[in-house]
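Next comes target_20.cif, a file with mmCIF, C-alpha atoms.
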data_data
loop_
_atom_site.label_atom_id
_atom_site.label_comp_id
_atom_site.auth_asym_id
_atom_site.auth_seq_id
_atom_site.Cartn_x
_atom_site.Cartn_y
_atom_site.Cartn_z
CA MET A 1 87.56 -22.21 11.18
CA SER A 2 89.68 -25.02 12.61
CA THR A 3 88.23 -27.59 10.21
CA LEU A 4 89.26 -25.42 7.28
CA HIS A 5 92.67 -25.11 8.87
CA ALA A 6 92.95 -28.86 9.16
CA ALA A 7 91.72 -29.34 5.61
CA SER A 8 94.27 -26.93 4.19
CA SER A 9 97.08 -28.56 6.17
CA ALA A 10 96.03 -31.97 4.90
CA LEU A 11 95.89 -30.77 1.29
CA ALA A 12 99.19 -28.97 1.35
CA PRO A 13 101.49 -29.91 4.20
CA GLY A 14 103.53 -26.95 5.37
CA PHE A 15 101.13 -24.32 4.03
CA GLY A 16 99.19 -23.87 7.22
CA ALA A 17 101.96 -24.87 9.59
CA LYS A 18 103.39 -22.61 12.26
CA GLY A 19 105.84 -19.96 11.14
CA VAL A 20 105.41 -20.44 7.40
CA GLY A 21 101.82 -19.23 7.09
CA PHE A 22 101.03 -16.50 4.65
CA GLU A 23 99.70 -13.43 6.39
CA SER A 24 97.06 -12.05 4.08
CA PRO A 25 96.75 -8.28 3.78
CA GLY A 26 93.88 -6.71 5.66
CA PRO A 27 92.53 -3.41 6.92
CA ASN A 28 95.63 -3.02 9.10
CA ASP A 29 97.72 -2.40 5.99
CA PHE A 30 95.91 0.92 5.62
CA ASP A 31 97.06 2.12 9.01
CA LEU A 32 100.31 3.75 7.95
CA PRO A 33 102.81 5.09 10.46
CA ALA A 34 103.73 8.76 10.66
CA PHE A 35 106.88 9.92 8.90
CA PHE A 36 108.21 11.78 11.95
CA HIS A 37 107.56 11.07 15.59
CA SER A 38 107.04 14.74 16.36
CA LEU A 39 104.28 15.06 13.71
CA PRO A 40 101.86 12.20 14.38
CA TRP A 41 99.30 13.51 11.85
CA PHE A 42 101.78 13.64 8.97
CA THR A 43 101.21 10.25 7.33
CA LYS A 44 101.32 9.09 3.74
CA PRO A 45 97.67 9.91 2.92
CA VAL A 46 98.19 13.45 4.23
CA LEU A 47 101.29 13.80 2.05
CA ILE A 48 99.40 12.50 -0.99
CA VAL A 49 96.43 14.80 -0.46
CA THR A 50 98.79 17.78 -0.07
CA LEU A 51 100.65 16.81 -3.24
CA ALA A 52 97.39 16.26 -5.11
CA THR A 53 96.14 19.71 -4.13
CA LEU A 54 99.39 21.26 -5.36
CA VAL A 55 99.40 19.23 -8.59
CA VAL A 56 95.81 20.17 -9.47
CA ALA A 57 96.31 23.83 -8.57
CA VAL A 58 99.60 24.19 -10.43
CA PHE A 59 98.30 22.27 -13.45
CA TYR A 60 95.24 24.46 -13.97
CA TRP A 61 97.16 27.62 -13.12
CA ALA A 62 99.92 26.80 -15.60
CA ALA A 63 97.42 25.75 -18.25
CA ALA A 64 95.46 29.01 -17.98
CA ARG A 65 98.42 31.32 -17.34
CA LYS A 66 99.30 32.21 -20.92
CA ALA A 67 96.02 31.51 -22.64
CA SER A 68 96.25 32.21 -26.35
CA VAL A 69 94.18 31.52 -29.45
CA VAL A 70 96.72 28.97 -30.60
CA PRO A 71 97.00 26.88 -27.42
CA SER A 72 100.23 25.46 -26.11
CA ARG A 73 100.31 21.76 -25.27
CA LEU A 74 99.65 22.41 -21.61
CA GLN A 75 96.80 24.77 -22.34
CA PHE A 76 95.34 22.18 -24.70
CA ALA A 77 95.51 19.50 -22.00
CA GLY A 78 93.88 21.75 -19.42
CA GLU A 79 91.17 22.85 -21.83
CA SER A 80 90.44 19.28 -22.91
CA LEU A 81 89.99 18.15 -19.34
CA TYR A 82 87.92 21.13 -18.34
CA GLY A 83 85.90 20.95 -21.57
CA PHE A 84 85.16 17.28 -20.99
CA ILE A 85 83.75 17.97 -17.54
CA ARG A 86 81.89 21.08 -18.68
CA ASN A 87 80.27 19.53 -21.76
CA ASP A 88 79.87 15.86 -20.92
CA VAL A 89 79.13 16.14 -17.21
CA ALA A 90 77.93 19.61 -16.24
CA LEU A 91 75.89 20.57 -19.31
CA ASP A 92 74.59 17.05 -19.99
CA ALA A 93 73.54 16.21 -16.45
CA ILE A 94 72.43 19.61 -15.15
CA GLY A 95 71.34 21.47 -18.27
CA HIS A 96 72.15 25.06 -19.26
CA GLU A 97 72.53 26.02 -15.59
CA GLY A 98 75.37 23.52 -15.37
CA LEU A 99 77.83 26.12 -16.60
CA ARG A 100 77.86 27.64 -13.10
CA PHE A 101 78.96 24.34 -11.57
CA ALA A 102 81.56 23.39 -14.16
CA PRO A 103 84.49 24.83 -12.14
CA TYR A 104 83.45 22.95 -9.00
CA LEU A 105 82.88 19.71 -10.88
CA ALA A 106 86.19 19.99 -12.76
CA THR A 107 88.04 20.63 -9.50
CA LEU A 108 86.26 17.72 -7.85
CA PHE A 109 87.08 15.36 -10.70
CA SER A 110 90.73 16.38 -10.91
CA PHE A 111 91.26 16.21 -7.17
CA ILE A 112 89.67 12.78 -6.77
CA ALA A 113 91.39 11.45 -9.90
CA VAL A 114 94.85 12.53 -8.73
CA ASN A 115 94.25 11.15 -5.24
CA ASN A 116 93.07 7.84 -6.69
CA ILE A 117 95.84 7.56 -9.26
CA ALA A 118 98.38 7.92 -6.44
CA GLY A 119 97.44 4.29 -5.79
CA ILE A 120 99.35 3.09 -8.86
CA ILE A 121 102.13 5.70 -9.02
CA PRO A 122 105.41 4.06 -7.98
CA ILE A 123 106.76 5.16 -4.57
CA LEU A 124 103.45 6.73 -3.52
CA GLN A 125 101.36 3.62 -4.27
CA PHE A 126 98.56 4.39 -1.90
CA PRO A 127 95.16 5.76 -2.86
CA ALA A 128 94.57 8.54 -0.35
CA THR A 129 90.82 8.27 -0.95
CA SER A 130 90.82 4.79 0.61
CA HIS A 131 90.88 6.57 3.97
CA ILE A 132 87.25 7.39 4.58
CA ALA A 133 87.89 10.90 5.90
CA PHE A 134 88.64 12.38 2.47
CA PRO A 135 85.59 11.01 0.59
CA LEU A 136 83.54 11.92 3.67
CA VAL A 137 84.40 15.59 3.34
CA LEU A 138 83.85 15.57 -0.42
CA ALA A 139 80.49 13.82 -0.04
CA VAL A 140 79.39 16.26 2.67
CA ILE A 141 80.25 19.19 0.38
CA SER A 142 78.19 17.68 -2.46
CA TRP A 143 75.36 16.92 -0.03
CA VAL A 144 75.28 20.48 1.31
CA VAL A 145 75.43 21.90 -2.22
CA PHE A 146 72.49 19.94 -3.61
CA LEU A 147 70.33 20.33 -0.50
CA TYR A 148 71.08 24.07 -0.40
CA LEU A 149 70.23 24.52 -4.07
CA GLY A 150 67.02 22.53 -3.75
CA ILE A 151 65.87 24.40 -0.65
CA LYS A 152 66.84 27.75 -2.20
CA ARG A 153 64.86 27.02 -5.35
CA ALA A 154 61.66 25.69 -3.79
CA GLY A 155 61.75 26.78 -0.15
CA PHE A 156 62.34 24.47 2.80
CA VAL A 157 58.84 23.01 3.18
CA LYS A 158 58.05 22.76 -0.51
CA TYR A 159 61.38 21.10 -1.29
CA PHE A 160 60.72 18.25 1.13
CA LYS A 161 57.07 18.11 0.12
CA ASP A 162 58.00 17.72 -3.54
CA MET A 163 60.57 15.10 -2.63
CA MET A 164 58.37 13.01 -0.35
CA PHE A 165 54.91 13.50 -1.81
CA PRO A 166 55.02 13.42 -5.60
CA PRO A 167 51.51 13.94 -7.02
CA GLY A 168 49.33 11.28 -8.64
CA ILE A 169 49.79 8.42 -6.20
CA PRO A 170 47.06 6.74 -4.10
CA LEU A 171 47.00 7.97 -0.50
CA PRO A 172 48.00 4.72 1.32
CA VAL A 173 51.16 4.43 -0.79
CA TYR A 174 52.47 7.68 0.66
CA PHE A 175 52.94 6.03 4.05
CA LEU A 176 55.49 3.78 2.39
CA LEU A 177 56.85 6.16 -0.23
CA ALA A 178 57.48 9.27 1.86
CA PRO A 179 59.95 7.75 4.32
CA ILE A 180 61.73 5.83 1.58
CA GLU A 181 62.12 8.94 -0.57
CA PHE A 182 63.37 10.97 2.37
CA PHE A 183 65.76 8.26 3.44
CA SER A 184 67.13 7.67 -0.06
CA THR A 185 67.65 11.34 -0.85
CA VAL A 186 68.92 12.76 2.40
CA ILE A 187 70.80 9.82 3.89
CA VAL A 188 71.57 7.15 1.29
CA ARG A 189 72.89 9.59 -1.33
CA PRO A 190 75.80 11.07 0.63
CA VAL A 191 76.58 7.77 2.36
CA THR A 192 76.80 5.80 -0.88
CA LEU A 193 78.78 8.61 -2.50
CA MET A 194 81.30 8.31 0.30
CA LEU A 195 81.34 4.51 0.62
CA ARG A 196 81.52 3.87 -3.12
CA LEU A 197 84.71 5.87 -3.55
CA THR A 198 86.29 4.68 -0.32
CA PHE A 199 85.69 1.00 -0.74
CA ASN A 200 86.49 0.90 -4.43
CA MET A 201 89.89 2.30 -3.60
CA PHE A 202 90.16 0.16 -0.47
CA ALA A 203 89.27 -3.07 -2.27
CA GLY A 204 91.43 -2.23 -5.26
CA HIS A 205 94.46 -1.56 -3.10
CA LEU A 206 93.78 -4.72 -1.11
CA VAL A 207 93.64 -6.84 -4.26
CA LEU A 208 96.93 -5.36 -5.49
CA LEU A 209 98.51 -6.01 -2.10
CA LEU A 210 97.24 -9.58 -2.15
CA PHE A 211 98.72 -10.30 -5.56
CA VAL A 212 102.06 -8.66 -4.85
CA LEU A 213 102.53 -10.02 -1.32
CA GLY A 214 101.17 -13.41 -2.34
CA GLY A 215 103.56 -13.51 -5.27
CA GLU A 216 106.44 -12.51 -3.02
CA TYR A 217 105.52 -15.20 -0.52
CA LEU A 218 105.27 -17.89 -3.18
CA LEU A 219 108.52 -16.91 -4.88
CA VAL A 220 110.71 -16.02 -1.92
CA ASP A 221 109.41 -17.32 1.38
CA LEU A 222 108.19 -20.71 0.27
CA GLY A 223 111.62 -21.96 -0.76
CA ASN A 224 112.33 -23.21 -4.24
CA ARG A 225 109.28 -25.32 -4.87
CA PRO A 226 108.31 -25.55 -8.55
CA VAL A 227 104.66 -24.97 -7.70
CA GLY A 228 105.56 -21.83 -5.77
CA ILE A 229 107.71 -20.46 -8.59
CA VAL A 230 105.01 -20.95 -11.22
CA ALA A 231 102.15 -19.70 -9.06
CA GLY A 232 104.26 -16.77 -7.84
CA ALA A 233 105.15 -15.75 -11.38
CA VAL A 234 101.48 -15.88 -12.35
CA SER A 235 100.61 -13.84 -9.28
CA ILE A 236 103.21 -11.15 -10.04
CA PHE A 237 102.12 -11.00 -13.67
CA GLY A 238 98.51 -10.73 -12.49
CA SER A 239 99.46 -7.81 -10.26
CA ILE A 240 100.85 -5.95 -13.30
CA VAL A 241 97.65 -6.50 -15.27
CA LEU A 242 95.56 -5.54 -12.25
CA THR A 243 97.56 -2.34 -11.81
CA PHE A 244 96.35 -1.14 -15.21
CA PHE A 245 92.81 -2.27 -14.43
CA GLU A 246 93.04 -0.42 -11.13
CA GLY A 247 94.10 2.75 -12.96
CA PHE A 248 90.99 2.46 -15.10
CA VAL A 249 88.78 1.93 -12.04
CA GLN A 250 90.36 4.91 -10.29
CA LEU A 251 89.57 7.27 -13.16
CA LEU A 252 86.10 5.74 -13.51
CA GLN A 253 85.33 6.27 -9.83
CA ALA A 254 86.42 9.91 -10.02
CA TYR A 255 84.09 10.27 -13.01
CA VAL A 256 81.23 8.49 -11.22
CA PHE A 257 81.57 10.70 -8.14
CA THR A 258 81.52 13.83 -10.31
CA LEU A 259 78.64 12.60 -12.47
CA LEU A 260 76.51 11.66 -9.46
CA THR A 261 77.18 15.04 -7.84
CA ALA A 262 76.11 16.69 -11.09
CA LEU A 263 72.98 14.54 -11.31
CA TYR A 264 72.03 15.36 -7.72
CA ILE A 265 72.55 19.07 -8.39
CA GLY A 266 70.52 18.73 -11.59
CA GLY A 267 67.73 16.99 -9.67
CA ALA A 268 67.68 19.74 -7.06
CA LEU A 269 67.49 22.45 -9.73
CA ALA A 270 64.94 20.71 -11.96
CA ASP A 271 61.36 21.90 -11.99
CA GLU A 272 58.41 19.81 -10.91
CA HIS A 273 58.31 16.23 -12.01
CA MET B 1 93.43 -21.50 6.96
CA THR B 2 91.90 -19.02 9.31
CA GLY B 3 89.75 -16.01 8.64
CA SER B 4 86.29 -14.66 8.83
CA LEU B 5 83.20 -16.23 7.33
CA ASN B 6 82.11 -12.65 6.64
CA MET B 7 84.28 -12.76 3.55
CA VAL B 8 82.43 -15.81 2.24
CA GLY B 9 79.20 -13.97 2.94
CA TYR B 10 80.50 -11.01 1.06
CA GLY B 11 81.39 -13.20 -1.89
CA LEU B 12 77.81 -14.48 -1.98
CA ALA B 13 76.43 -10.97 -1.58
CA ALA B 14 78.48 -9.75 -4.53
CA ILE B 15 76.60 -12.09 -6.89
CA GLY B 16 73.54 -9.84 -6.87
CA PRO B 17 75.25 -6.59 -7.90
CA GLY B 18 77.38 -8.59 -10.36
CA VAL B 19 74.30 -9.84 -12.17
CA GLY B 20 72.72 -6.40 -11.92
CA ILE B 21 75.70 -4.60 -13.45
CA GLY B 22 75.83 -7.20 -16.21
CA LEU B 23 72.16 -6.59 -17.04
CA ILE B 24 72.65 -2.82 -17.04
CA PHE B 25 75.52 -2.91 -19.50
CA ALA B 26 73.79 -5.55 -21.63
CA ALA B 27 70.83 -3.19 -21.97
CA TYR B 28 73.17 -0.28 -22.67
CA ILE B 29 75.03 -2.17 -25.40
CA SER B 30 71.88 -3.37 -27.11
CA GLY B 31 70.43 0.13 -26.86
CA VAL B 32 73.48 1.66 -28.54
CA ALA B 33 73.51 -1.12 -31.14
CA ARG B 34 69.93 -0.38 -32.10
CA GLN B 35 70.28 3.37 -32.05
CA PRO B 36 73.92 4.52 -32.14
CA GLU B 37 73.03 8.23 -31.90
CA SER B 38 71.51 7.73 -28.45
CA ARG B 39 74.92 6.78 -27.06
CA GLY B 40 75.61 10.03 -25.20
CA MET B 41 72.28 10.01 -23.42
CA LEU B 42 72.40 6.31 -22.57
CA GLN B 43 75.94 6.52 -21.29
CA SER B 44 75.19 8.70 -18.28
CA ILE B 45 72.09 6.66 -17.47
CA ALA B 46 74.11 3.44 -17.68
CA ILE B 47 76.85 4.84 -15.45
CA LEU B 48 74.24 6.00 -12.96
CA GLY B 49 72.59 2.58 -12.88
CA PHE B 50 75.98 0.92 -12.59
CA ALA B 51 76.88 3.17 -9.66
CA LEU B 52 73.61 2.44 -7.87
CA ALA B 53 73.89 -1.33 -8.35
CA GLU B 54 77.52 -1.26 -7.34
CA ALA B 55 76.63 0.60 -4.15
CA LEU B 56 75.14 -2.65 -2.84
CA ALA B 57 78.38 -4.52 -3.35
CA ILE B 58 80.28 -1.66 -1.75
CA ILE B 59 78.00 -1.57 1.28
CA GLY B 60 78.53 -5.34 1.47
CA ILE B 61 82.32 -5.09 1.63
CA GLY B 62 82.04 -2.31 4.19
CA LEU B 63 79.86 -4.44 6.41
CA ALA B 64 82.04 -7.51 5.86
CA PHE B 65 84.85 -5.59 7.55
CA ALA B 66 82.69 -3.85 10.12
CA LEU B 67 80.67 -6.82 11.44
CA LYS B 68 82.77 -9.17 13.46
#

Now, as a test, write the supplied structure out as structure tokens.
Amino acid sequence: MSTLHAASSALAPGFGAKGVGFESPGPNDFDLPAFFHSLPWFTKPVLIVTLATLVVAVFYWAAARKASVVPSRLQFAGESLYGFIRNDVALDAIGHEGLRFAPYLATLFSFIAVNNIAGIIPILQFPATSHIAFPLVLAVISWVVFLYLGIKRAGFVKYFKDMMFPPGIPLPVYFLLAPIEFFSTVIVRPVTLMLRLTFNMFAGHLVLLLFVLGGEYLLVDLGNRPVGIVAGAVSIFGSIVLTFFEGFVQLLQAYVFTLLTALYIGGALADEH
Amino acid sequence: MTGSLNMVGYGLAAIGPGVGIGLIFAAYISGVARQPESRGMLQSIAILGFALAEALAIIGIGLAFALK
């Protein structure tokens, strides 16, 4: 990369020089220190996940506590959210059996959404789901649920036989199809579920960091150069716009995770196809 | 300027999913335009396709950080 280094120094003297270089944000920015030395596990993501659990639990508890025919505002909010997941995700993607899974899916959606949205809430400003451990656990739960349901419905051997050897295909194709089907259902599904959520949050947070830290560098550290002031202002303004975009992505990813879980459950429960 | 060429590779790799996601939503929009009542059914299919195409980009960024 030394040629690039030389090129950038030639284009903009001082930019690549020693001591003034901009240190771009990277994976290390996700390695947050513990709050207290005596509790090394108590870091910001742990705090956010704990808060998110409390927020979701208290919200649904408070919304359902005094349920009445004429709903209060809180009850209306809780019912809208739950009704959205029940009707538009559970019943649409799974079918009439989806009613059983509506509580799980609603919990999943709310939990992921709150954890993601922590990425744009001032002070917290860190999406806990960008640490792979949390999506990993959620993906493993979804994986176990849909495999369990599929095996329970069809039996162990028949479930894998239906998955790997769908009828009506010429014999030689099975040599190719069977491993691909097995691989895509048993391995790719949970891994992509996990990676999609993690890296969407990871990349989103990284982009926000880049715009904010880049803007700070251009405005403050570069000294009063006109170019730096203008570019820094654009960068800071861009970070505000991107924050709203990030909020949209965070809700969308919670929805996608829930919808895919529902579709996998629906596929495991569906009859022959 | 220092850094990893992996990131350039990732930028190139993101073209594919980008085009794919564009095609998916183009098909979704024209489908809804032709038959507005099919919106609900098409929406979940479109989101599913979007998620599957996006998985490639996501795997790409994961590997861009993992492979040194």

Selection in question (the file shown): the PyMOL selection byres ((chain B) within 9 of (chain A)). Which residues does it include, as number ranges by chain?
B: 1-5, 40-41, 44, 47-48, 51-52, 54-59, 61-62, 65

Among listed residues A:Arg225, A:His205, A:Arg65, A:Arg153, nearest A:Ile117 (using all atoms listed in the file):
A:His205

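Evaluated on this file, the PyMOL selection byres ((chain A and resi 164) around 10) matches Lys158, Tyr159, Phe160, Lys161, Asp162, Met163, Phe165, Pro166, Pro167, Tyr174, Phe175, Leu177, Ala178, Pro179, Ile180, Glu181, Phe182, Phe183 and Thr185 of chain A.
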
Go ahead and dump the residues you just picked, C-alpha atoms, as a PDB file, in the coordinates of the input.
ATOM      1  CA  LYS A 158      58.050  22.760  -0.510  1.00  0.00           C
ATOM      2  CA  TYR A 159      61.380  21.100  -1.290  1.00  0.00           C
ATOM      3  CA  PHE A 160      60.720  18.250   1.130  1.00  0.00           C
ATOM      4  CA  LYS A 161      57.070  18.110   0.120  1.00  0.00           C
ATOM      5  CA  ASP A 162      58.000  17.720  -3.540  1.00  0.00           C
ATOM      6  CA  MET A 163      60.570  15.100  -2.630  1.00  0.00           C
ATOM      7  CA  PHE A 165      54.910  13.500  -1.810  1.00  0.00           C
ATOM      8  CA  PRO A 166      55.020  13.420  -5.600  1.00  0.00           C
ATOM      9  CA  PRO A 167      51.510  13.940  -7.020  1.00  0.00           C
ATOM     10  CA  TYR A 174      52.470   7.680   0.660  1.00  0.00           C
ATOM     11  CA  PHE A 175      52.940   6.030   4.050  1.00  0.00           C
ATOM     12  CA  LEU A 177      56.850   6.160  -0.230  1.00  0.00           C
ATOM     13  CA  ALA A 178      57.480   9.270   1.860  1.00  0.00           C
ATOM     14  CA  PRO A 179      59.950   7.750   4.320  1.00  0.00           C
ATOM     15  CA  ILE A 180      61.730   5.830   1.580  1.00  0.00           C
ATOM     16  CA  GLU A 181      62.120   8.940  -0.570  1.00  0.00           C
ATOM     17  CA  PHE A 182      63.370  10.970   2.370  1.00  0.00           C
ATOM     18  CA  PHE A 183      65.760   8.260   3.440  1.00  0.00           C
ATOM     19  CA  THR A 185      67.650  11.340  -0.850  1.00  0.00           C
TER      20      THR A 185
END

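Rounded to one decimal, atom CA of A:Leu108 and atom CA of A:Tyr60 lie 12.8 Å from each other.
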
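Nearest to A:Pro190 of all the residues A:Asn224, A:Asn28, A:Thr261, A:Gln250 is A:Thr261, counting all atoms listed in the file.
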
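Here atom CA of A:Leu136 is placed at a distance of 29.2 Å from atom CA of A:Leu176.
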
Using all atoms listed in the file, which residues sit within 8 Å of B:Tyr28 once same-chain residues fewer than 3 positions away are excluded, as a ChimeraX atom specification?
/B:24-25,31-32,42-43,46

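Atom CA of A:Ile94 sits 16.6 Å away from atom CA of A:Ile151.
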
Just checking: using all atoms listed in the file, which residue out of A:Ala128, A:Leu242, A:Ile229, A:Leu147 ends up closest to A:Leu210?
A:Leu242

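Of the residues under consideration (B:Ala33, B:Ala26, B:Ala53, B:Ala64), B:Ala64 shows the shortest atom-to-atom contact distance to B:Leu12 when counting only C-alpha atoms.
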
Take the PyMOL selection byres ((chain A and resi 33) around 9), apply it to the structure above, and return the hits as a ChimeraX atom specification.
/A:31-32,34-36,40,42-44

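Among the candidates A:Ala154, A:Val140, A:Ala113, A:Ala102, the residue lying nearest to A:Val249 is A:Ala113 (atoms considered: all atoms listed in the file).
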
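With all atoms listed in the file as the basis for measurement, B:Gly60 is the residue among B:Ala66, B:Gly49, B:Glu37, B:Gly60 that approaches B:Gly16 most closely.
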
Contacts of A:Met194 at 8 Å (all atoms listed in the file; same-chain gap of 5+ positions) as a ChimeraX atom specification:
/A:132,135-136,138-139

Do you know which residues are at most 12 Å from A:Leu91 counting only C-alpha atoms, after dropping those on the same chain fewer than 4 positions away, and could you put them as a PyMOL selection string?
(chain A and resi 83-87+95-103+105+259+262-263+265-266) or (chain B and resi 41+44)

Writing C-alpha atoms and nothing else, produce stretch 60-123 of chain A as an mmCIF file, in the first residue's frame.
data_model
loop_
_atom_site.group_PDB
_atom_site.id
_atom_site.type_symbol
_atom_site.label_atom_id
_atom_site.label_comp_id
_atom_site.auth_asym_id
_atom_site.auth_seq_id
_atom_site.Cartn_x
_atom_site.Cartn_y
_atom_site.Cartn_z
ATOM 1 C CA TYR A 60 -45.752 -5.812 27.247
ATOM 2 C CA TRP A 61 -46.579 -6.321 30.917
ATOM 3 C CA ALA A 62 -47.797 -2.736 31.301
ATOM 4 C CA ALA A 63 -49.700 -2.888 28.017
ATOM 5 C CA ALA A 64 -51.552 -6.062 29.006
ATOM 6 C CA ARG A 65 -51.946 -5.283 32.712
ATOM 7 C CA LYS A 66 -55.267 -3.444 32.616
ATOM 8 C CA ALA A 67 -56.699 -4.768 29.383
ATOM 9 C CA SER A 68 -60.092 -3.257 28.690
ATOM 10 C CA VAL A 69 -62.504 -3.062 25.771
ATOM 11 C CA VAL A 70 -61.696 0.601 25.327
ATOM 12 C CA PRO A 71 -57.882 0.397 25.243
ATOM 13 C CA SER A 72 -55.603 2.906 26.875
ATOM 14 C CA ARG A 73 -52.838 4.401 24.759
ATOM 15 C CA LEU A 74 -50.287 1.941 26.062
ATOM 16 C CA GLN A 75 -52.570 -1.010 25.506
ATOM 17 C CA PHE A 76 -53.242 0.236 21.987
ATOM 18 C CA ALA A 77 -49.502 0.459 21.265
ATOM 19 C CA GLY A 78 -48.864 -3.029 22.614
ATOM 20 C CA GLU A 79 -51.798 -4.493 20.722
ATOM 21 C CA SER A 80 -50.775 -2.797 17.475
ATOM 22 C CA LEU A 81 -47.274 -4.189 17.695
ATOM 23 C CA TYR A 82 -48.390 -7.654 18.678
ATOM 24 C CA GLY A 83 -51.193 -7.601 16.095
ATOM 25 C CA PHE A 84 -48.757 -6.613 13.365
ATOM 26 C CA ILE A 85 -46.498 -9.566 14.120
ATOM 27 C CA ARG A 86 -49.416 -11.960 14.572
ATOM 28 C CA ASN A 87 -51.270 -11.011 11.390
ATOM 29 C CA ASP A 88 -48.579 -9.889 8.981
ATOM 30 C CA VAL A 89 -45.794 -12.260 9.991
ATOM 31 C CA ALA A 90 -47.100 -15.294 11.870
ATOM 32 C CA LEU A 91 -50.409 -15.895 10.081
ATOM 33 C CA ASP A 92 -49.158 -14.824 6.641
ATOM 34 C CA ALA A 93 -45.926 -16.797 6.644
ATOM 35 C CA ILE A 94 -46.909 -19.880 8.647
ATOM 36 C CA GLY A 95 -50.647 -20.194 8.069
ATOM 37 C CA HIS A 96 -53.363 -20.898 10.643
ATOM 38 C CA GLU A 97 -50.854 -22.755 12.833
ATOM 39 C CA GLY A 98 -48.910 -19.513 13.103
ATOM 40 C CA LEU A 99 -51.050 -18.394 16.016
ATOM 41 C CA ARG A 100 -49.042 -20.709 18.290
ATOM 42 C CA PHE A 101 -45.797 -18.964 17.351
ATOM 43 C CA ALA A 102 -47.052 -15.385 17.498
ATOM 44 C CA PRO A 103 -45.828 -14.826 21.100
ATOM 45 C CA TYR A 104 -42.339 -16.096 20.279
ATOM 46 C CA LEU A 105 -42.135 -14.075 17.077
ATOM 47 C CA ALA A 106 -43.412 -10.908 18.766
ATOM 48 C CA THR A 107 -40.863 -11.313 21.556
ATOM 49 C CA LEU A 108 -38.108 -11.961 19.038
ATOM 50 C CA PHE A 109 -39.018 -8.901 16.988
ATOM 51 C CA SER A 110 -39.297 -6.583 19.988
ATOM 52 C CA PHE A 111 -36.072 -7.800 21.547
ATOM 53 C CA ILE A 112 -34.023 -7.480 18.355
ATOM 54 C CA ALA A 113 -35.626 -4.133 17.489
ATOM 55 C CA VAL A 114 -34.823 -2.620 20.892
ATOM 56 C CA ASN A 115 -31.272 -3.961 20.816
ATOM 57 C CA ASN A 116 -30.757 -2.561 17.321
ATOM 58 C CA ILE A 117 -32.351 0.801 18.035
ATOM 59 C CA ALA A 118 -29.917 1.237 20.936
ATOM 60 C CA GLY A 119 -27.470 2.029 18.130
ATOM 61 C CA ILE A 120 -29.066 5.424 17.499
ATOM 62 C CA ILE A 121 -30.298 6.291 21.003
ATOM 63 C CA PRO A 122 -28.115 9.067 22.428
ATOM 64 C CA ILE A 123 -25.769 7.988 25.255
#
